[in-house]
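Note: the block below is target_27.csv and it holds CSV, C-alpha atoms.
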```csv
chain,number,residue,atom,x,y,z
A,1151,MET,CA,-17.8,-44.7,-107.6
A,1152,PRO,CA,-20.0,-45.5,-104.6
A,1153,THR,CA,-19.9,-43.1,-101.6
A,1154,THR,CA,-20.6,-43.7,-98.0
A,1155,GLN,CA,-23.6,-41.8,-96.9
A,1156,GLU,CA,-24.8,-41.8,-93.3
A,1157,ASP,CA,-28.5,-42.3,-92.7
A,1158,GLN,CA,-30.7,-42.5,-89.6
A,1159,GLN,CA,-29.7,-46.1,-89.1
A,1160,THR,CA,-25.9,-45.8,-89.5
A,1161,SER,CA,-25.3,-42.3,-88.0
A,1162,PRO,CA,-24.5,-42.2,-84.2
A,1163,SER,CA,-26.1,-38.8,-84.0
A,1164,GLY,CA,-29.5,-38.6,-82.4
A,1165,ARG,CA,-29.6,-42.1,-81.1
A,1166,ASP,CA,-28.2,-44.3,-78.3
A,1167,THR,CA,-24.8,-45.8,-79.2
A,1168,PRO,CA,-23.7,-48.4,-76.6
A,1169,ARG,CA,-20.0,-48.3,-75.7
A,1170,VAL,CA,-18.1,-51.5,-76.1
A,1171,ASP,CA,-16.7,-51.1,-72.6
A,1172,GLY,CA,-19.7,-49.3,-71.1
A,1173,SER,CA,-21.3,-52.3,-69.2
A,1174,LEU,CA,-18.0,-53.3,-67.6
A,1175,LYS,CA,-17.4,-49.8,-66.3
A,1176,VAL,CA,-20.8,-49.1,-64.9
A,1177,THR,CA,-21.0,-52.5,-63.2
A,1178,GLY,CA,-17.6,-52.1,-61.7
A,1179,ASN,CA,-16.2,-55.1,-63.6
A,1180,ALA,CA,-13.6,-53.1,-65.5
A,1181,LYS,CA,-10.1,-54.0,-64.2
A,1182,TYR,CA,-7.8,-51.0,-63.8
A,1183,THR,CA,-4.1,-51.3,-62.9
A,1184,SER,CA,-4.7,-51.3,-59.2
A,1185,ASP,CA,-7.3,-54.0,-59.5
A,1186,PHE,CA,-4.7,-56.7,-60.5
A,1187,HIS,CA,-3.7,-58.8,-57.5
A,1188,PHE,CA,-1.4,-61.8,-57.4
A,1189,PRO,CA,-0.5,-64.4,-54.8
A,1190,GLY,CA,2.2,-63.1,-52.4
A,1191,MET,CA,2.0,-59.6,-53.9
A,1192,LEU,CA,3.9,-56.9,-52.0
A,1193,TYR,CA,3.2,-53.1,-51.8
A,1194,ALA,CA,5.6,-50.2,-52.3
A,1195,VAL,CA,5.3,-46.7,-50.9
A,1196,PRO,CA,7.8,-44.0,-51.6
A,1197,VAL,CA,9.6,-41.7,-49.2
A,1198,GLU,CA,9.3,-38.3,-50.8
A,1199,ALA,CA,11.5,-35.2,-50.4
A,1200,THR,CA,10.0,-32.5,-48.1
A,1201,ILE,CA,12.1,-29.7,-49.7
A,1202,ALA,CA,12.1,-28.4,-53.3
A,1203,ASN,CA,15.9,-27.8,-53.8
A,1204,GLY,CA,19.0,-29.0,-52.0
A,1205,ARG,CA,20.8,-32.3,-51.1
A,1206,ILE,CA,20.3,-35.3,-48.9
A,1207,GLU,CA,22.8,-35.2,-46.0
A,1208,LYS,CA,21.7,-38.4,-44.2
A,1209,LEU,CA,19.1,-41.1,-44.8
A,1210,ASP,CA,18.2,-43.2,-41.8
A,1211,THR,CA,16.2,-46.3,-42.5
A,1212,ALA,CA,17.1,-48.3,-39.4
A,1213,ALA,CA,13.8,-47.9,-37.6
A,1214,ALA,CA,11.7,-48.6,-40.7
A,1215,GLU,CA,13.6,-51.8,-41.5
A,1216,LYS,CA,12.7,-53.2,-38.1
A,1217,MET,CA,8.9,-52.6,-38.6
A,1218,ALA,CA,6.5,-55.5,-39.1
A,1219,GLY,CA,6.1,-56.7,-42.7
A,1220,VAL,CA,8.9,-54.6,-44.2
A,1221,ARG,CA,10.8,-56.6,-46.8
A,1222,LEU,CA,13.0,-54.1,-48.6
A,1223,ILE,CA,13.9,-50.4,-48.7
A,1224,LEU,CA,15.5,-49.1,-51.8
A,1225,HIS,CA,17.6,-45.9,-51.7
A,1226,ARG,CA,20.6,-44.2,-53.2
A,1227,THR,CA,23.1,-46.9,-52.1
A,1228,LYS,CA,20.8,-49.9,-52.4
A,1229,ILE,CA,19.5,-50.1,-56.0
A,1230,GLY,CA,20.6,-51.8,-59.2
A,1231,LYS,CA,21.9,-50.0,-62.2
A,1232,LEU,CA,19.3,-47.8,-64.0
A,1233,TYR,CA,20.0,-46.0,-67.3
A,1234,ARG,CA,18.8,-42.9,-69.0
A,1235,SER,CA,16.5,-43.5,-71.9
A,1236,VAL,CA,16.9,-41.7,-75.3
A,1237,PRO,CA,14.2,-40.5,-77.6
A,1238,LYS,CA,13.4,-42.5,-80.8
A,1239,PRO,CA,11.2,-42.0,-83.8
A,1240,ASP,CA,7.6,-43.1,-83.8
A,1241,PHE,CA,6.8,-41.8,-80.3
A,1242,LEU,CA,9.2,-44.1,-78.5
A,1243,GLY,CA,11.7,-43.4,-75.8
A,1244,LEU,CA,9.8,-40.3,-74.6
A,1245,CYS,CA,9.7,-39.3,-70.9
A,1246,ASP,CA,9.8,-36.1,-68.9
A,1247,GLU,CA,12.3,-37.1,-66.2
A,1248,ARG,CA,15.3,-38.8,-67.8
A,1249,ARG,CA,17.4,-38.9,-64.6
A,1250,PRO,CA,16.8,-42.4,-63.2
A,1251,PRO,CA,15.3,-42.5,-59.7
A,1252,LEU,CA,17.6,-42.6,-56.6
A,1253,THR,CA,20.6,-41.8,-58.8
A,1254,ASP,CA,22.2,-39.2,-56.5
A,1255,ASP,CA,21.6,-37.1,-53.4
A,1256,VAL,CA,20.4,-34.0,-55.3
A,1257,ILE,CA,16.8,-32.8,-54.6
A,1258,ARG,CA,15.3,-31.1,-57.6
A,1259,TYR,CA,11.7,-30.8,-56.7
A,1260,TYR,CA,9.3,-31.3,-53.8
A,1261,GLY,CA,8.0,-34.9,-53.6
A,1262,GLN,CA,11.0,-36.4,-55.4
A,1263,TYR,CA,11.5,-40.0,-54.4
A,1264,VAL,CA,14.4,-40.5,-52.0
A,1265,ALA,CA,13.6,-44.1,-51.0
A,1266,LEU,CA,11.0,-46.8,-51.5
A,1267,VAL,CA,9.6,-49.0,-48.8
A,1268,VAL,CA,8.3,-52.5,-49.8
A,1269,ALA,CA,6.1,-54.4,-47.3
A,1270,ASP,CA,3.5,-57.1,-47.0
A,1271,THR,CA,0.6,-54.7,-47.1
A,1272,PHE,CA,0.0,-51.1,-48.3
A,1273,GLU,CA,-0.6,-50.0,-44.7
A,1274,MET,CA,2.7,-51.5,-43.5
A,1275,ALA,CA,4.6,-49.9,-46.3
A,1276,LYS,CA,3.0,-46.6,-45.6
A,1277,ALA,CA,3.7,-46.7,-41.9
A,1278,ALA,CA,7.4,-47.7,-42.4
A,1279,ALA,CA,7.9,-44.9,-45.0
A,1280,ALA,CA,6.6,-42.4,-42.5
A,1281,VAL,CA,9.5,-43.2,-40.0
A,1282,VAL,CA,12.3,-43.0,-42.5
A,1283,ARG,CA,14.4,-40.0,-41.4
A,1284,VAL,CA,15.9,-37.8,-44.0
A,1285,THR,CA,18.3,-34.9,-43.2
A,1286,TYR,CA,18.6,-32.2,-45.9
A,1287,ALA,CA,20.9,-29.3,-46.8
A,1288,ALA,CA,18.1,-27.1,-48.2
A,1289,GLU,CA,18.6,-24.4,-50.7
A,1290,LYS,CA,16.2,-21.8,-51.9
A,1291,PRO,CA,14.0,-23.1,-54.8
A,1292,ASN,CA,13.2,-21.0,-57.8
A,1293,VAL,CA,9.5,-20.3,-57.5
A,1294,ASP,CA,9.5,-16.9,-59.2
A,1295,PRO,CA,6.3,-16.8,-61.4
A,1296,ASP,CA,7.8,-13.9,-63.5
A,1297,LEU,CA,9.4,-16.0,-66.2
A,1298,LYS,CA,12.1,-14.6,-68.4
A,1299,ALA,CA,13.7,-16.1,-71.5
A,1300,ASP,CA,17.3,-17.2,-71.1
A,1301,ASP,CA,18.1,-16.6,-74.8
A,1302,LYS,CA,16.8,-14.4,-77.6
A,1303,PRO,CA,14.0,-16.1,-79.5
A,1304,THR,CA,14.9,-17.8,-82.7
A,1305,VAL,CA,13.5,-16.6,-86.0
A,1306,ASP,CA,11.8,-19.3,-88.1
A,1307,SER,CA,10.8,-17.0,-90.9
A,1308,GLU,CA,11.0,-13.3,-91.6
A,1309,ARG,CA,9.6,-11.0,-94.3
A,1310,GLY,CA,9.8,-7.2,-94.6
A,1311,ASP,CA,10.8,-4.9,-91.8
A,1312,PRO,CA,8.8,-5.9,-88.7
A,1313,ASP,CA,10.5,-3.3,-86.4
A,1314,ARG,CA,9.5,-0.4,-88.6
A,1315,ALA,CA,6.0,-1.7,-89.2
A,1316,LEU,CA,5.5,-2.0,-85.4
A,1317,ALA,CA,6.8,1.5,-84.8
A,1318,ASN,CA,4.7,3.2,-87.5
A,1319,ALA,CA,1.5,1.2,-87.4
A,1320,PRO,CA,-1.6,3.1,-86.2
A,1321,VAL,CA,-3.0,0.0,-84.5
A,1322,LYS,CA,-0.7,-1.9,-82.1
A,1323,LEU,CA,-0.9,-4.7,-79.6
A,1324,ASP,CA,2.0,-5.4,-77.2
A,1325,GLN,CA,0.9,-7.7,-74.4
A,1326,THR,CA,2.2,-10.5,-72.2
A,1327,TYR,CA,-0.1,-13.4,-71.3
A,1328,VAL,CA,0.5,-15.8,-68.5
A,1329,THR,CA,-1.2,-19.2,-67.8
A,1330,PRO,CA,-0.6,-20.7,-64.3
A,1331,VAL,CA,0.6,-24.1,-63.4
A,1332,GLU,CA,-2.1,-26.8,-63.8
A,1333,THR,CA,-2.0,-30.2,-62.2
A,1334,HIS,CA,-3.5,-33.2,-64.0
A,1335,ASN,CA,-6.0,-34.9,-61.7
A,1336,PRO,CA,-7.3,-38.1,-63.4
A,1337,MET,CA,-9.8,-40.3,-61.5
A,1338,GLU,CA,-7.3,-43.1,-61.6
A,1339,LEU,CA,-4.0,-42.4,-60.0
A,1340,HIS,CA,-0.8,-43.5,-61.6
A,1341,ALA,CA,-0.2,-47.1,-60.7
A,1342,THR,CA,2.1,-50.0,-61.6
A,1343,THR,CA,2.0,-53.7,-60.8
A,1344,ALA,CA,5.2,-55.4,-61.7
A,1345,VAL,CA,5.5,-59.2,-62.2
A,1346,TRP,CA,8.7,-61.1,-63.1
A,1347,ASP,CA,8.4,-64.5,-64.7
A,1348,GLY,CA,12.0,-65.6,-65.1
A,1349,PRO,CA,13.7,-63.1,-67.5
A,1350,GLN,CA,10.3,-61.7,-68.6
A,1351,LEU,CA,8.8,-58.6,-67.0
A,1352,THR,CA,5.1,-57.8,-67.1
A,1353,LEU,CA,3.9,-54.4,-66.1
A,1354,TYR,CA,0.2,-53.7,-65.5
A,1355,GLU,CA,0.4,-50.0,-66.1
A,1356,SER,CA,-1.8,-46.9,-66.0
A,1357,THR,CA,-0.6,-45.6,-69.3
A,1358,GLN,CA,-1.9,-43.8,-72.5
A,1359,SER,CA,0.9,-45.3,-74.6
A,1360,VAL,CA,1.8,-49.0,-74.0
A,1361,ASN,CA,4.4,-48.9,-76.8
A,1362,ASN,CA,6.3,-45.9,-75.5
A,1363,SER,CA,6.1,-47.2,-71.9
A,1364,GLN,CA,7.5,-50.5,-73.0
A,1365,ASP,CA,10.4,-48.9,-74.8
A,1366,VAL,CA,11.4,-46.4,-72.0
A,1367,ILE,CA,11.1,-48.9,-69.2
A,1368,ALA,CA,13.2,-51.4,-71.2
A,1369,GLN,CA,15.9,-48.8,-71.8
A,1370,VAL,CA,16.0,-47.7,-68.1
A,1371,LEU,CA,16.2,-51.3,-66.9
A,1372,GLY,CA,18.8,-52.2,-69.5
A,1373,LEU,CA,16.5,-54.9,-71.0
A,1374,PRO,CA,15.7,-55.9,-74.6
A,1375,SER,CA,12.2,-54.5,-75.3
A,1376,ASP,CA,10.9,-58.0,-76.1
A,1377,ARG,CA,11.4,-58.9,-72.5
A,1378,VAL,CA,9.1,-56.2,-71.3
A,1379,HIS,CA,5.3,-56.6,-71.6
A,1380,VAL,CA,3.1,-53.6,-70.7
A,1381,ILE,CA,-0.7,-54.2,-70.2
A,1382,SER,CA,-3.3,-51.4,-69.8
A,1383,LYS,CA,-6.8,-52.8,-70.1
A,1384,PHE,CA,-8.6,-49.7,-68.9
A,1385,LEU,CA,-7.5,-46.1,-68.2
A,1386,GLY,CA,-9.1,-43.7,-65.7
A,1387,SER,CA,-8.1,-40.7,-67.8
A,1388,GLY,CA,-4.7,-39.2,-68.1
A,1389,PHE,CA,-4.8,-35.7,-69.7
A,1390,GLY,CA,-1.4,-36.4,-71.4
A,1391,GLY,CA,0.3,-37.1,-68.0
A,1392,LYS,CA,0.3,-40.8,-68.7
A,1393,LEU,CA,1.9,-40.7,-72.1
A,1394,TRP,CA,5.2,-41.9,-70.7
A,1395,PRO,CA,6.4,-43.7,-67.6
A,1396,TRP,CA,7.4,-42.0,-64.3
A,1397,THR,CA,9.7,-42.8,-61.4
A,1398,HIS,CA,7.4,-45.4,-59.8
A,1399,CYS,CA,7.3,-47.6,-62.9
A,1400,TYR,CA,11.1,-48.4,-62.8
A,1401,LEU,CA,11.2,-48.8,-59.0
A,1402,ALA,CA,8.3,-51.2,-58.9
A,1403,ALA,CA,10.1,-53.4,-61.5
A,1404,GLU,CA,13.4,-53.1,-59.6
A,1405,ALA,CA,11.7,-54.0,-56.2
A,1406,ALA,CA,9.9,-57.0,-57.8
A,1407,LEU,CA,13.2,-58.2,-59.2
A,1408,ARG,CA,15.0,-58.0,-55.9
A,1409,ASP,CA,12.2,-59.6,-53.9
A,1410,ALA,CA,11.0,-62.0,-56.6
A,1411,LYS,CA,7.4,-61.2,-55.9
A,1412,PRO,CA,4.8,-59.0,-57.7
A,1413,GLN,CA,4.9,-55.4,-56.6
A,1414,SER,CA,2.2,-52.8,-56.7
A,1415,GLU,CA,2.6,-49.0,-56.3
A,1416,ASN,CA,0.4,-46.0,-56.6
A,1417,ALA,CA,1.7,-42.5,-57.2
A,1418,PHE,CA,0.6,-38.9,-57.8
A,1419,LYS,CA,3.2,-36.3,-56.9
A,1420,ILE,CA,5.8,-37.6,-59.3
A,1421,GLU,CA,3.8,-36.4,-62.4
A,1422,LEU,CA,4.9,-33.2,-63.9
A,1423,ALA,CA,2.2,-30.6,-63.9
A,1424,LYS,CA,1.5,-28.3,-66.9
A,1425,ARG,CA,4.1,-25.7,-66.6
A,1426,CYS,CA,3.5,-22.0,-66.0
A,1427,LEU,CA,3.7,-20.3,-69.4
A,1428,THR,CA,4.5,-16.7,-70.4
A,1429,HIS,CA,3.6,-15.6,-73.9
A,1430,ALA,CA,4.8,-12.2,-75.2
A,1431,LEU,CA,2.8,-11.0,-78.2
A,1432,LYS,CA,3.3,-8.1,-80.5
A,1433,MET,CA,1.0,-7.3,-83.4
A,1434,ALA,CA,0.5,-4.3,-85.7
A,1435,ALA,CA,-2.2,-3.4,-88.3
A,1436,THR,CA,-3.4,-0.5,-90.4
A,1437,ALA,CA,-6.6,1.2,-89.5
```

Let me see the structure of the file written as structure tokens.
Amino acid sequence: MPTTQEDQQTSPSGRDTPRVDGSLKVTGNAKYTSDFHFPGMLYAVPVEATIANGRIEKLDTAAAEKMAGVRLILHRTKIGKLYRSVPKPDFLGLCDERRPPLTDDVIRYYGQYVALVVADTFEMAKAAAAVVRVTYAAEKPNVDPDLKADDKPTVDSERGDPDRALANAPVKLDQTYVTPVETHNPMELHATTAVWDGPQLTLYESTQSVNNSQDVIAQVLGLPSDRVHVISKFLGSGFGGKLWPWTHCYLAAEAALRDAKPQSENAFKIELAKRCLTHALKMAATA
């Protein structure tokens, strides 16, 4: 039976191996999500919560709505029906924040979207978002780094008498290890450009999983998955933070549907960071 053997001519080791996409990237011709532009495209900028826990008491968009170039402001009482997605087999339906955006007045984390301003230019949208006034009833957030388990750990397998072994062993290790919060910082920020063509939605998306993004976004918008097309030609890294869609994806699609024009949005704060983890470890051994 023939075998595949690498030699100096077939092995990538020790020789230059051109990347298929290398020339496009180094010449600046690779098109990332934010590089897609369409006639009449509008830009969306979120209004983000300035507290980490509490409720919205009042949201005043009057001044922002009068500013030049502003087309639309989405908020709690001005948004279409969005749905919670459910997980499915084959890495579908997966996301970290199942609560649809702008669903209620509860603030669960700093930077949570409380409104979305849509305008003719990015600068106009950013300026208008800055004058939206939000009054909060703030509550104390839980920022205690000393994590404690809510329940006793479950036992997957057990053999012998571990408690007695730990008590009598001449060599023991009983330590708690903590890793801090880590924030993903890819070169390319999260971005979405949403384009409706009749009943069909095309999303130019910064994603590591076009299939999962298609499924989650279709579920949240209440659409058949074959009406949602997700395109990601190049990705400026993701570190796992782009494996599923985030708040801005659904809002860009909703804003584009309401205004009937392509929408573009960039985001950063909405991504969940790698959580603080506490590991308690006990080991025992004979000398």

query: A:Pro1303, A:Gly1204, A:Pro1412, A:Pro1168: which is nearest Gln1262 of chain A, counting all atoms listed in the file?
result: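 Of all the options, A:Gly1204 lies closest to Gln1262 of chain A.
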
message: Please compute the atom CA of Gln1350 of chain A-atom CA of Ala1279 of chain A distance, one decimal, in Å.
response: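 Pair atom CA of Gln1350 of chain A / atom CA of Ala1279 of chain A returns 29.1 Å.
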
- request: Considering only C-alpha atoms, state which residue in the set A:Arg1234, A:Lys1175, A:Lys1298, A:Lys1181 is at the smallest distance from Asp1365 of chain A.
  value: A:Arg1234

query: Out of A:Thr1160, A:Thr1333, A:Ser1387, A:Thr1227, which residue has the shortest atom-to-atom distance to Thr1253 of chain A when counting only C-alpha atoms?
result: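 Closest to Thr1253 of chain A, using only C-alpha atoms: A:Thr1227.
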
field: Within 7 Å of Thr1343 of chain A using only C-alpha atoms, minus same-chain residues under 4 positions, as a list in words
entry: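 Once the nearby chain positions are removed, what remains is Thr1183, Leu1353, Tyr1354, Glu1355, Pro1412, Gln1413, Ser1414 and Glu1415 of chain A.
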
- prompt: Distance atom CA of Asn1362 of chain A-atom CA of Leu1174 of chain A, one decimal place?
  reply: 26.6 Å

message: With distances taken over all atoms listed in the file, which residue among A:Val1370, A:Gly1388, A:Ile1257, A:His1379 lies nearest Thr1357 of chain A?
response: A:Gly1388

query: Hey, which of A:Lys1424, A:Ala1368, A:Lys1322, A:Ala1405 ends up closest to Gly1230 of chain A? Count only C-alpha atoms.
result: A:Ala1405

query: Using all atoms listed in the file, which of the listed residues (A:Asp1311, A:Asp1294, A:Asp1324, A:Glu1198) sits closest to Ala1430 of chain A?
result: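 Selected residue with least distance to Ala1430 of chain A: A:Asp1324.
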
field: Exercise: segment 1393-1403 of chain A partners within 7 Å, only C-alpha atoms, chain neighbours under 2 positions left out, as a list in words
entry: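 Counting only C-alpha atoms, the residues come to Leu1244, Cys1245, Pro1251, Thr1342, Ala1344, Thr1357, Gln1358, Ser1359, Asn1362, Ser1363, Ile1367, Gly1390, Gly1391, Ala1405, Ala1406, Leu1407, Gln1413, Ser1414, Glu1415, Ala1417, Ile1420 and Glu1421 of chain A.
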
Distance in Å - atom CA of Arg1205 of chain A versus atom CA of Tyr1286 of chain A: 5.6 Å

query: Any idea what's packed within 6 Å of Thr1211 of chain A, counting all atoms listed in the file, ignoring anything in its chain fewer than 2 positions away? Could you give it as an MDAnalysis selection string?
result: chainID A and resid 1213:1214 1282

Just C-alpha atoms for this one: save the residues we selected as a compact mmCIF listing (two decimals), in the coordinates of the input.
```
# COMPACT_ATOMS: atom_id res chain seq x y z
CA ALA A 1213 13.80 -47.90 -37.60
CA ALA A 1214 11.70 -48.60 -40.70
CA VAL A 1282 12.30 -43.00 -42.50
```

message: Counting all atoms listed in the file, find residues at most 9 Å from (-7.9, -44.1, -58.7) (file frame) and give them as a PyMOL selection string.
response: chain A and resi 1182+1184+1336-1341+1386+1416

field: Exercise: Thr1329 of chain A partners within 12 Å, only C-alpha atoms, chain neighbours under 6 positions left out, as a VMD selection string
entry: chain A and resid 1295 to 1297 1424 to 1430
